[in-house]
>>> print(open('final26.txt').read())   # compact mmCIF, C-alpha atoms
# COMPACT_ATOMS: atom_id res chain seq x y z
CA MET A 121 186.66 89.67 74.27
CA THR A 122 187.10 89.76 78.04
CA THR A 123 186.19 86.91 80.32
CA GLU A 124 184.81 87.45 83.79
CA PRO A 125 186.53 85.36 86.46
CA VAL A 126 184.49 82.33 87.33
CA THR A 127 183.03 82.57 90.81
CA GLU A 128 182.16 79.43 92.71
CA THR A 129 178.43 79.61 93.31
CA VAL A 130 177.65 76.05 94.35
CA ALA A 131 175.82 76.32 97.65
CA THR A 132 176.94 73.95 100.38
CA PHE A 133 176.52 74.11 104.13
CA CYS A 134 178.69 75.28 106.97
CA SER A 135 179.71 72.27 109.04
CA TRP A 136 179.72 74.40 112.21
CA CYS A 137 176.44 76.34 112.08
CA GLY A 138 174.63 74.46 109.32
CA GLY A 139 173.95 77.63 107.36
CA GLU A 140 174.37 77.90 103.62
CA THR A 141 177.81 78.73 102.34
CA THR A 142 179.34 79.74 99.06
CA GLY A 143 182.72 79.07 97.57
CA ALA A 144 183.97 82.32 99.04
CA ASP A 145 183.00 81.16 102.52
CA LEU A 146 184.80 77.89 102.05
CA ALA A 147 187.88 79.65 100.71
CA GLY A 148 187.94 81.81 103.81
CA SER A 149 187.49 85.08 101.94
CA SER A 150 183.99 85.76 103.26
CA ALA A 151 183.32 87.29 106.67
CA GLU A 152 179.98 85.55 107.03
CA HIS A 153 181.27 82.30 108.49
CA GLU A 154 184.48 83.66 109.99
CA ARG A 155 183.52 82.65 113.51
CA CYS A 156 182.47 79.22 112.30
CA ARG A 157 185.83 78.69 110.63
CA ALA A 158 187.66 79.81 113.77
CA ARG A 159 185.72 77.42 115.97
CA LEU A 160 186.26 74.53 113.56
CA ALA A 161 189.95 75.28 113.45
CA LEU A 162 190.34 75.40 117.23
CA VAL A 163 187.77 73.51 119.26
CA ASP A 164 184.87 72.02 117.35
CA PRO A 165 184.39 68.99 115.14
CA PRO A 166 181.93 69.37 112.26
CA ARG A 167 178.35 69.17 113.52
CA HIS A 168 176.47 69.61 110.23
CA CYS A 169 176.81 67.75 106.98
CA PRO A 170 178.50 70.03 104.44
CA GLU A 171 176.44 68.49 101.66
CA CYS A 172 172.93 68.83 103.10
CA GLY A 173 173.21 70.76 106.39
CA ARG A 174 171.69 67.97 108.49
CA ARG A 175 172.93 67.61 112.04
CA MET A 176 175.34 64.70 112.21
CA VAL A 177 175.95 62.15 114.95
CA VAL A 178 179.48 62.97 116.10
CA GLN A 179 181.71 60.89 118.33
CA VAL A 180 184.80 62.64 119.62
CA ASP A 181 187.58 60.44 120.96
CA PRO A 182 190.97 61.41 122.36
CA MET A 183 192.76 61.45 119.02
CA GLY A 184 190.03 62.16 116.48
CA TRP A 185 186.35 62.25 115.63
CA THR A 186 183.77 60.46 113.52
CA ALA A 187 180.74 62.24 112.06
CA ARG A 188 177.81 60.45 110.46
CA CYS A 189 175.12 62.01 108.29
CA SER A 190 171.97 59.92 107.86
CA ARG A 191 171.98 60.79 104.15
CA HIS A 192 175.63 61.16 103.19
CA GLY A 193 177.42 58.66 105.38
CA GLU A 194 180.47 58.84 107.61
CA THR A 195 183.43 61.19 107.66
CA THR A 196 186.39 60.92 110.02
CA SER A 197 189.10 63.27 111.15
CA ALA A 198 191.64 60.89 109.63
CA SER A 199 189.94 61.05 106.24
CA ARG A 200 190.17 64.82 106.38
CA GLY A 201 193.72 64.84 107.67
CA GLN A 202 192.61 66.46 110.92
CA ARG A 203 192.94 65.63 114.58
CA MET B 190 195.67 99.46 163.94
CA THR B 191 194.59 101.15 160.73
CA ALA B 192 191.08 100.93 159.39
CA SER B 193 192.25 98.87 156.45
CA THR B 194 194.05 96.41 158.72
CA GLU B 195 190.93 96.04 160.82
CA THR B 196 188.77 95.42 157.76
CA ALA B 197 191.27 92.92 156.37
CA ARG B 198 191.28 90.95 159.63
CA GLU B 199 187.50 90.97 159.85
CA THR B 200 187.21 89.46 156.37
CA GLY B 201 190.12 87.07 156.70
CA GLY B 202 192.14 89.17 154.28
CA THR B 203 195.58 90.61 154.78
CA SER B 204 196.95 93.99 155.68
CA GLY B 205 200.23 93.57 153.79
CA ASP B 206 200.92 92.88 150.15
CA ILE B 207 198.99 89.72 149.29
CA LEU B 208 201.78 88.09 147.30
CA ALA B 209 204.27 88.70 150.10
CA VAL B 210 201.80 87.18 152.54
CA ALA B 211 201.20 84.24 150.20
CA ARG B 212 204.92 83.64 149.90
CA GLU B 213 205.16 83.11 153.65
CA GLN B 214 201.80 81.44 154.23
CA VAL B 215 201.47 79.22 151.16
CA LEU B 216 204.98 78.70 149.88
CA GLU B 217 206.73 78.35 153.21
CA ARG B 218 203.99 76.81 155.35
CA GLY B 219 201.79 75.10 152.76
CA GLU B 220 198.60 76.76 154.03
CA GLY B 221 196.17 77.79 151.31
CA LEU B 222 194.82 81.32 151.08
CA THR B 223 191.51 82.22 152.68
CA GLU B 224 188.56 83.40 150.61
CA ALA B 225 189.34 87.07 151.22
CA GLN B 226 192.97 86.49 150.35
CA VAL B 227 192.09 84.67 147.12
CA LEU B 228 189.90 87.63 146.23
CA GLU B 229 192.85 89.95 146.80
CA VAL B 230 194.89 87.95 144.33
CA LEU B 231 192.08 87.97 141.78
CA GLN B 232 191.86 91.75 142.14
CA LEU B 233 195.56 92.37 141.59
CA PRO B 234 196.31 94.74 138.71
CA GLY B 235 197.34 93.15 135.43
CA GLU B 236 200.94 94.29 135.77
CA ARG B 237 201.35 91.90 138.71
CA LEU B 238 200.19 88.83 136.78
CA THR B 239 203.73 87.65 136.01
CA GLU B 240 204.66 87.92 139.67
CA ALA B 241 201.54 86.01 140.76
CA LEU B 242 202.19 83.24 138.22
CA ALA B 243 205.83 82.97 139.29
CA LEU B 244 204.83 82.55 142.91
CA ALA B 245 202.15 80.00 142.02
CA HIS B 246 204.77 78.06 140.08
CA GLU B 247 207.13 78.09 143.06
CA VAL B 248 204.30 76.81 145.24
CA ARG B 249 203.51 74.02 142.79
CA MET B 250 207.18 72.99 142.58
CA ARG B 251 207.62 73.11 146.35
CA TRP B 252 204.48 71.17 147.31
CA CYS B 253 203.74 69.02 144.23
CA GLY B 254 207.08 68.69 142.46
CA PRO B 255 207.97 68.98 138.79
CA ASP B 256 205.95 66.02 137.47
CA VAL B 257 202.93 66.64 135.27
CA GLU B 258 200.00 64.23 135.40
CA VAL B 259 198.63 63.48 131.95
CA GLU B 260 195.10 62.25 131.37
CA GLY B 261 192.83 61.44 128.45
CA ILE B 262 189.04 61.50 128.49
CA VAL B 263 186.30 60.12 126.30
CA SER B 264 182.56 60.43 126.11
CA LEU B 265 180.91 57.02 126.44
CA LYS B 266 177.41 58.46 126.16
CA THR B 267 177.04 61.79 124.42
CA GLY B 268 174.05 64.13 124.44
CA GLY B 269 170.46 63.64 125.53
CA CYS B 270 171.15 64.56 129.16
CA PRO B 271 168.01 65.43 131.18
CA GLU B 272 169.85 68.10 133.21
CA ASP B 273 170.02 71.78 132.30
CA CYS B 274 173.63 72.77 133.03
CA HIS B 275 173.61 76.03 131.11
CA PHE B 276 177.11 75.67 129.71
CA CYS B 277 176.60 72.19 128.33
CA SER B 278 175.87 71.33 124.72
CA GLN B 279 174.86 67.82 125.77
CA SER B 280 171.66 68.80 127.55
CA GLY B 281 168.61 67.38 125.82
CA LEU B 282 166.70 70.47 126.95
CA PHE B 283 168.55 72.88 124.64
CA ASP B 284 168.54 73.27 120.89
CA SER B 285 172.16 72.23 120.52
CA PRO B 286 173.76 70.73 117.42
CA VAL B 287 175.13 67.88 119.54
CA ARG B 288 173.21 64.65 118.84
CA ALA B 289 173.09 61.58 121.05
CA ALA B 290 175.80 58.98 120.52
CA TRP B 291 177.08 55.89 122.34
CA LEU B 292 180.62 54.57 122.14
CA ASP B 293 180.96 50.80 121.85
CA LYS B 294 183.37 48.77 123.98
CA ASP B 295 185.94 48.21 121.25
CA ARG B 296 186.26 51.92 120.56
CA LEU B 297 186.36 52.65 124.28
CA VAL B 298 189.31 50.29 124.74
CA GLU B 299 190.99 51.73 121.64
CA ALA B 300 190.61 55.24 123.09
CA ALA B 301 192.26 54.04 126.32
CA LYS B 302 195.13 52.53 124.31
CA GLN B 303 195.62 55.76 122.34
CA THR B 304 195.65 57.69 125.59
CA ALA B 305 198.19 55.36 127.22
CA LYS B 306 200.52 55.82 124.24
CA THR B 307 200.88 59.48 125.14
CA GLY B 308 202.33 58.53 128.53
CA ALA B 309 199.07 59.35 130.30
CA THR B 310 198.40 57.65 133.62
CA GLU B 311 194.68 58.33 133.82
CA PHE B 312 191.83 57.60 131.42
CA CYS B 313 188.42 58.98 132.30
CA ILE B 314 185.16 57.53 130.97
CA VAL B 315 182.44 60.17 130.93
CA ALA B 316 178.69 59.95 130.36
CA ALA B 317 176.21 62.80 129.96
CA VAL B 318 173.63 61.69 132.49
CA ARG B 319 172.06 62.81 135.75
CA GLY B 320 173.28 59.53 137.18
CA PRO B 321 173.88 56.07 135.76
CA ASP B 322 171.01 53.69 135.03
CA GLU B 323 171.49 49.92 134.85
CA LYS B 324 172.25 50.00 131.12
CA LEU B 325 175.08 52.44 131.68
CA MET B 326 176.39 50.58 134.72
CA GLU B 327 176.53 47.41 132.64
CA GLN B 328 178.56 49.19 129.99
CA ILE B 329 180.88 50.55 132.66
CA ARG B 330 181.38 47.08 134.14
CA ALA B 331 182.31 45.65 130.75
CA GLY B 332 184.37 48.67 129.69
CA VAL B 333 186.39 49.00 132.89
CA ALA B 334 187.13 45.27 132.95
CA ALA B 335 188.28 45.32 129.32
CA ILE B 336 190.51 48.36 129.79
CA ARG B 337 192.07 46.99 132.97
CA ALA B 338 192.77 43.71 131.18
CA GLU B 339 194.33 45.28 128.09
CA VAL B 340 195.74 48.70 128.96
CA ASP B 341 198.24 49.81 131.57
CA ILE B 342 196.44 52.91 132.79
CA ASN B 343 194.34 54.04 135.74
CA VAL B 344 190.63 54.19 134.98
CA ALA B 345 188.52 57.10 136.17
CA CYS B 346 184.80 57.67 135.70
CA SER B 347 182.47 60.64 135.52
CA LEU B 348 178.87 59.48 135.50
CA GLY B 349 176.98 62.15 137.39
CA MET B 350 175.34 61.70 140.76
CA LEU B 351 175.58 58.27 142.31
CA THR B 352 173.77 56.12 144.82
CA GLN B 353 175.77 54.51 147.61
CA ALA B 354 175.41 51.12 145.89
CA GLN B 355 176.85 52.55 142.67
CA VAL B 356 179.73 54.16 144.53
CA ASP B 357 180.53 50.85 146.18
CA GLU B 358 180.36 49.00 142.88
CA LEU B 359 182.65 51.45 141.07
CA ALA B 360 185.18 51.18 143.89
CA ALA B 361 184.98 47.39 143.74
CA MET B 362 185.57 47.49 139.96
CA GLY B 363 188.86 49.22 140.61
CA VAL B 364 187.89 52.71 139.43
CA HIS B 365 190.80 54.80 140.63
CA ARG B 366 189.29 58.27 140.58
CA TYR B 367 185.83 59.76 140.17
CA ASN B 368 185.15 63.13 138.61
CA HIS B 369 182.17 65.17 139.67
CA ASN B 370 182.56 68.91 139.25
CA LEU B 371 180.90 71.40 141.53
CA GLU B 372 181.27 73.66 138.47
CA THR B 373 181.04 77.01 140.27
CA ALA B 374 180.57 78.70 143.64
CA ARG B 375 177.67 77.51 145.71
CA SER B 376 176.13 80.99 145.56
CA HIS B 377 176.29 81.03 141.74
CA PHE B 378 175.20 77.44 141.12
CA PRO B 379 171.45 78.24 140.80
CA GLU B 380 172.31 80.54 137.89
CA VAL B 381 174.05 77.64 136.15
CA VAL B 382 171.93 74.57 136.95
CA THR B 383 168.31 74.36 138.08
CA THR B 384 167.57 70.64 137.78
CA HIS B 385 169.69 69.62 140.75
CA THR B 386 171.55 71.32 143.54
CA TRP B 387 175.14 72.03 144.50
CA GLU B 388 174.49 70.07 147.69
CA GLU B 389 173.49 66.96 145.76
CA ARG B 390 176.82 67.08 143.99
CA TRP B 391 178.64 67.60 147.28
CA GLU B 392 176.90 64.52 148.69
CA THR B 393 178.15 62.31 145.84
CA LEU B 394 181.67 63.63 146.36
CA GLN B 395 181.59 62.70 150.04
CA MET B 396 180.51 59.16 149.18
CA ILE B 397 183.34 58.86 146.65
CA ARG B 398 185.92 59.85 149.22
CA ALA B 399 184.48 57.53 151.88
CA ALA B 400 184.65 54.61 149.44
CA GLY B 401 188.37 55.15 148.92
CA MET B 402 188.33 56.48 145.36
CA GLU B 403 190.28 59.61 144.56
CA VAL B 404 188.14 62.72 144.25
CA CYS B 405 188.37 64.85 141.11
CA CYS B 406 186.34 68.03 141.37
CA GLY B 407 186.65 71.34 139.59
CA GLY B 408 184.61 73.62 137.46
CA ILE B 409 184.36 76.21 134.74
CA VAL B 410 185.66 79.75 134.86
CA GLY B 411 183.74 82.45 133.02
CA MET B 412 180.09 81.55 133.57
CA GLY B 413 179.09 85.02 134.70
CA GLU B 414 180.41 84.63 138.23
CA THR B 415 181.84 87.63 140.06
CA LEU B 416 185.42 87.67 141.32
CA GLU B 417 183.97 87.27 144.81
CA GLN B 418 182.21 84.11 143.69
CA ARG B 419 185.36 82.85 142.02
CA ALA B 420 187.19 83.27 145.33
CA GLU B 421 184.30 81.57 147.11
CA PHE B 422 184.56 78.65 144.72
CA ALA B 423 188.31 78.29 145.26
CA VAL B 424 187.92 77.90 149.00
CA GLN B 425 184.89 75.64 148.68
CA LEU B 426 187.05 73.35 146.56
CA ALA B 427 189.88 73.64 149.08
CA GLU B 428 187.48 72.65 151.84
CA LEU B 429 186.57 69.52 149.88
CA GLU B 430 190.29 68.61 149.67
CA PRO B 431 190.04 66.96 146.26
CA ASP B 432 192.94 64.97 144.86
CA GLU B 433 192.53 66.83 141.59
CA VAL B 434 190.91 70.05 140.40
CA PRO B 435 190.25 70.31 136.66
CA MET B 436 190.02 73.92 135.52
CA ASN B 437 187.87 74.57 132.48
CA PHE B 438 187.28 77.87 130.74
CA LEU B 439 183.86 78.47 129.24
CA ILE B 440 183.40 77.56 125.61
CA PRO B 441 180.15 79.34 124.72
CA ASN B 442 178.38 76.58 122.83
CA PRO B 443 175.57 77.29 120.36
CA GLY B 444 172.09 76.52 121.59
CA THR B 445 173.00 76.68 125.28
CA PRO B 446 171.81 79.45 127.63
CA PHE B 447 175.46 80.58 127.90
CA ALA B 448 176.00 80.82 124.15
CA HIS B 449 175.97 84.61 124.41
CA LEU B 450 178.73 84.84 127.03
CA ASP B 451 182.20 85.93 126.02
CA VAL B 452 185.15 83.59 126.02
CA PRO B 453 187.13 84.36 129.22
CA GLN B 454 190.10 86.62 128.64
CA GLY B 455 193.58 85.12 128.89
CA PRO B 456 195.01 87.36 131.64
CA ASP B 457 191.87 86.87 133.73
CA ALA B 458 192.13 83.11 133.32
CA LEU B 459 195.83 83.09 134.20
CA MET B 460 195.28 85.14 137.35
CA THR B 461 192.55 82.65 138.30
CA ILE B 462 194.99 79.76 137.84
CA ALA B 463 197.51 81.47 140.10
CA ALA B 464 194.84 82.22 142.72
CA PHE B 465 193.53 78.63 142.71
CA ARG B 466 197.05 77.28 143.15
CA LEU B 467 197.59 79.62 146.08
CA ALA B 468 194.30 78.40 147.58
CA MET B 469 195.23 74.73 147.07
CA PRO B 470 199.00 74.35 147.21
CA LYS B 471 199.08 70.55 147.35
CA THR B 472 196.31 69.58 144.91
CA VAL B 473 196.72 68.36 141.34
CA LEU B 474 195.56 71.35 139.27
CA ARG B 475 194.65 70.30 135.77
CA PHE B 476 194.25 72.24 132.56
CA ALA B 477 190.98 71.04 131.04
CA GLY B 478 188.58 72.31 128.38
CA GLY B 479 188.56 75.78 126.90
CA ARG B 480 192.23 76.65 127.27
CA GLU B 481 192.63 76.56 123.49
CA LEU B 482 190.19 79.46 123.01
CA THR B 483 191.00 81.38 126.16
CA LEU B 484 194.77 81.06 126.35
CA GLY B 485 196.11 79.86 123.01
CA ASP B 486 199.56 78.27 122.81
CA LEU B 487 201.46 80.95 124.69
CA GLY B 488 198.91 81.11 127.49
CA ALA B 489 199.05 77.34 127.92
CA GLU B 490 202.77 77.59 128.60
CA GLN B 491 202.21 80.46 131.00
CA GLY B 492 199.65 78.36 132.86
CA MET B 493 202.07 75.46 133.11
CA LEU B 494 204.56 77.91 134.58
CA GLY B 495 201.89 79.43 136.80
CA GLY B 496 200.64 76.64 139.01
CA VAL B 497 199.15 74.00 136.71
CA ASN B 498 200.65 70.52 137.10
CA ALA B 499 198.35 68.31 135.05
CA ILE B 500 196.77 68.36 131.61
CA ILE B 501 194.13 66.61 129.58
CA VAL B 502 195.77 65.65 126.32
CA GLY B 503 193.99 65.22 123.03
CA ASN B 504 190.33 65.90 122.56
CA TYR B 505 187.63 66.46 125.15
CA LEU B 506 184.05 65.17 125.19
CA THR B 507 182.44 67.18 122.42
CA ASN B 508 185.19 69.71 121.76
CA LEU B 509 188.63 69.26 120.28
CA GLY B 510 191.86 69.92 122.13
CA ARG B 511 195.31 70.58 120.82
CA PRO B 512 197.00 67.57 119.21
CA ALA B 513 198.51 65.48 122.01
CA GLU B 514 201.96 65.72 120.40
CA GLN B 515 201.84 69.50 120.75
CA ASP B 516 201.24 69.32 124.50
CA LEU B 517 203.88 66.64 124.96
CA GLU B 518 206.38 68.81 123.07
CA MET B 519 205.44 71.72 125.30
CA LEU B 520 206.18 69.66 128.42
CA GLU B 521 209.51 68.60 126.96
CA THR B 522 210.40 72.20 126.16
CA LEU B 523 209.46 73.24 129.69
CA LYS B 524 211.48 70.32 131.07
CA MET B 525 208.49 69.00 132.97
CA PRO B 526 208.53 65.20 133.25
CA ILE B 527 205.32 63.22 132.82
CA LYS B 528 204.30 61.49 136.03
CA ALA B 529 204.84 57.74 135.84
CA LEU B 530 202.03 55.27 136.45
CA ASN B 531 203.70 53.71 139.47
CA ASP B 532 203.81 57.13 141.11
CA THR B 533 200.03 57.44 140.97
CA LEU B 534 199.11 54.36 142.99
>>> encode(input="final26.txt", output="structure tokens")
Amino acid sequence: MTTEPVTETVATFCSWCGGETTGADLAGSSAEHERCRARLALVDPPRHCPECGRRMVVQVDPMGWTARCSRHGETTSASRGQR
Amino acid sequence: MTASTETARETGGTSGDILAVAREQVLERGEGLTEAQVLEVLQLPGERLTEALALAHEVRMRWCGPDVEVEGIVSLKTGGCPEDCHFCSQSGLFDSPVRAAWLDKDRLVEAAKQTAKTGATEFCIVAAVRGPDEKLMEQIRAGVAAIRAEVDINVACSLGMLTQAQVDELAAMGVHRYNHNLETARSHFPEVVTTHTWEERWETLQMIRAAGMEVCCGGIVGMGETLEQRAEFAVQLAELEPDEVPMNFLIPNPGTPFAHLDVPQGPDALMTIAAFRLAMPKTVLRFAGGRELTLGDLGAEQGMLGGVNAIIVGNYLTNLGRPAEQDLEMLETLKMPIKALNDTL
């Protein structure tokens, strides 16, 4: 018996554009959110909640950022190990 | 006299090689280039970029010295701005992902402390507004007083257009410098902002200077302006004689009218840096937002060796910058000392 590799199909949301993403997007192997990943890596904090896609209230300060989703609470750059 | 010489004289340009002329005029005599001369620099072929940057660096070292002024900035009031600056994700008129946020006083002071730890001498408090209302002025009063009591750093503000009474109050609070960017050439401004005029901004800048605060005024490269307009902007800034010129490179932000524009190309941005330095040999020329996308790490070093003598470290208002440590390491590698606080007063 052969087993097909398990593909991550849980839909989440892109924290840059707010669009739906798949596991492949998150792993960086999909072209669909390539620009989003590049912007997040270089110049943008997350603007959308990755769990529900809502726009978050984001405060950028000199050494980090804080993002708050009305449904899913607060995330910080420190908690993600980012600047 | 040749036809080209005649044309050059009529337009304020030069008949000889522009970099040779700039060496004598700017490096030796400290006189900035004219508009036509700046345009000549901007139009130089790409293979002369290294030469232009090297000359701009010599000019910076000769007239400003080796020190680099380091600054941090923070957004006190984010988003919900009534103005329509087409590059800005904080306008309430656009469908931008940026939502309104206010920073409380404790976090403002903490941001100033974090900035001071980097060796920065300037900390700028910024609000996305047309001009401050009483609520914002009250926050500024409390915030500036708290920072001055707790942190050894100069405080700057950027709060949009001001009334004379507000200018006087900011000066009395001890605000060291005020930022108000003209953003682009006067002739291009109506393509960038329609809710107020270039002249209104100019008027605020004149009041700032008259009140004794330092004037910080720059703009954004890559907003669809022509090279002619970029040259125009350089000399309009030179005419203002600002203490500092922050140079931003467009970050096309989603939801804004400029979302479709391309990120400025690195060589184009670097030639602009060199040209602006040659137009303003004695001004603090600061790397500000967008350099991460436009120039990357290598381009940032080239800019520092091409006329820039100040940087914003850490993050910006709604965008992220390079980690402060990375910029400080770069300055150490380039053997460029950070300007001390007592040298700024």
>>> atom_distance(input="final26.txt", atom1="CA of Gly455 (chain B)", atom2="CA of Ser264 (chain B)")
27.2 Å
>>> closest_residue(input="final26.txt", among="B:Val382, B:Ala290, B:Val215, B:Ala361", to="chain A", atoms="only C-alpha atoms")
B:Ala290
>>> residues_around(input="final26.txt", residues="Ala448 (chain B)", least_positions_apart="4", cutoff="10 Å", atoms="only C-alpha atoms", output="count of residues only")
11
>>> residues_around(input="final26.txt", residues="region 130-145 of chain A", least_positions_apart="5", cutoff="12 Å", atoms="all atoms listed in the file", output="PyMOL selection string")
(chain A and resi 150-176+178+187+189+195) or (chain B and resi 285-287+442-444+508)
>>> residues_around(input="final26.txt", residues="Gly221 (chain B)", least_positions_apart="2", cutoff="6 Å", atoms="all atoms listed in the file", output="PyMOL selection string")
chain B and resi 215+467-469
>>> residues_around(input="final26.txt", residues="Gly184 (chain A)", least_positions_apart="6", cutoff="8 Å", atoms="only C-alpha atoms", output="number ranges by chain")
A: 196-198, 202-203; B: 504
>>> interface_residues(input="final26.txt", of="chain B", to="chain A", cutoff="7 Å", atoms="only C-alpha atoms", output="PyMOL selection string")
chain B and resi 261-263+286-290+300+304+481+503-510+512
>>> atom_distance(input="final26.txt", atom1="CA of Thr522 (chain B)", atom2="CA of Ala463 (chain B)")
21.1 Å
>>> residues_around(input="final26.txt", residues="Ala345 (chain B)", least_positions_apart="2", cutoff="7 Å", atoms="all atoms listed in the file", output="PDB file with C-alpha atoms, in the frame of the given file")
ATOM      1  CA  GLU B 311     194.680  58.330 133.820  1.00  0.00           C
ATOM      2  CA  PHE B 312     191.830  57.600 131.420  1.00  0.00           C
ATOM      3  CA  CYS B 313     188.420  58.980 132.300  1.00  0.00           C
ATOM      4  CA  ILE B 314     185.160  57.530 130.970  1.00  0.00           C
ATOM      5  CA  ASN B 343     194.340  54.040 135.740  1.00  0.00           C
ATOM      6  CA  VAL B 364     187.890  52.710 139.430  1.00  0.00           C
ATOM      7  CA  HIS B 365     190.800  54.800 140.630  1.00  0.00           C
ATOM      8  CA  ARG B 366     189.290  58.270 140.580  1.00  0.00           C
ATOM      9  CA  TYR B 367     185.830  59.760 140.170  1.00  0.00           C
TER      10      TYR B 367
END
>>> atom_distance(input="final26.txt", atom1="CA of Asp293 (chain B)", atom2="CA of Ala316 (chain B)")
12.7 Å
>>> residues_near_point(input="final26.txt", point="(168.4, 59.0, 131.5)", cutoff="8 Å", atoms="all atoms listed in the file", output="PyMOL selection string")
chain B and resi 269-271+318-322
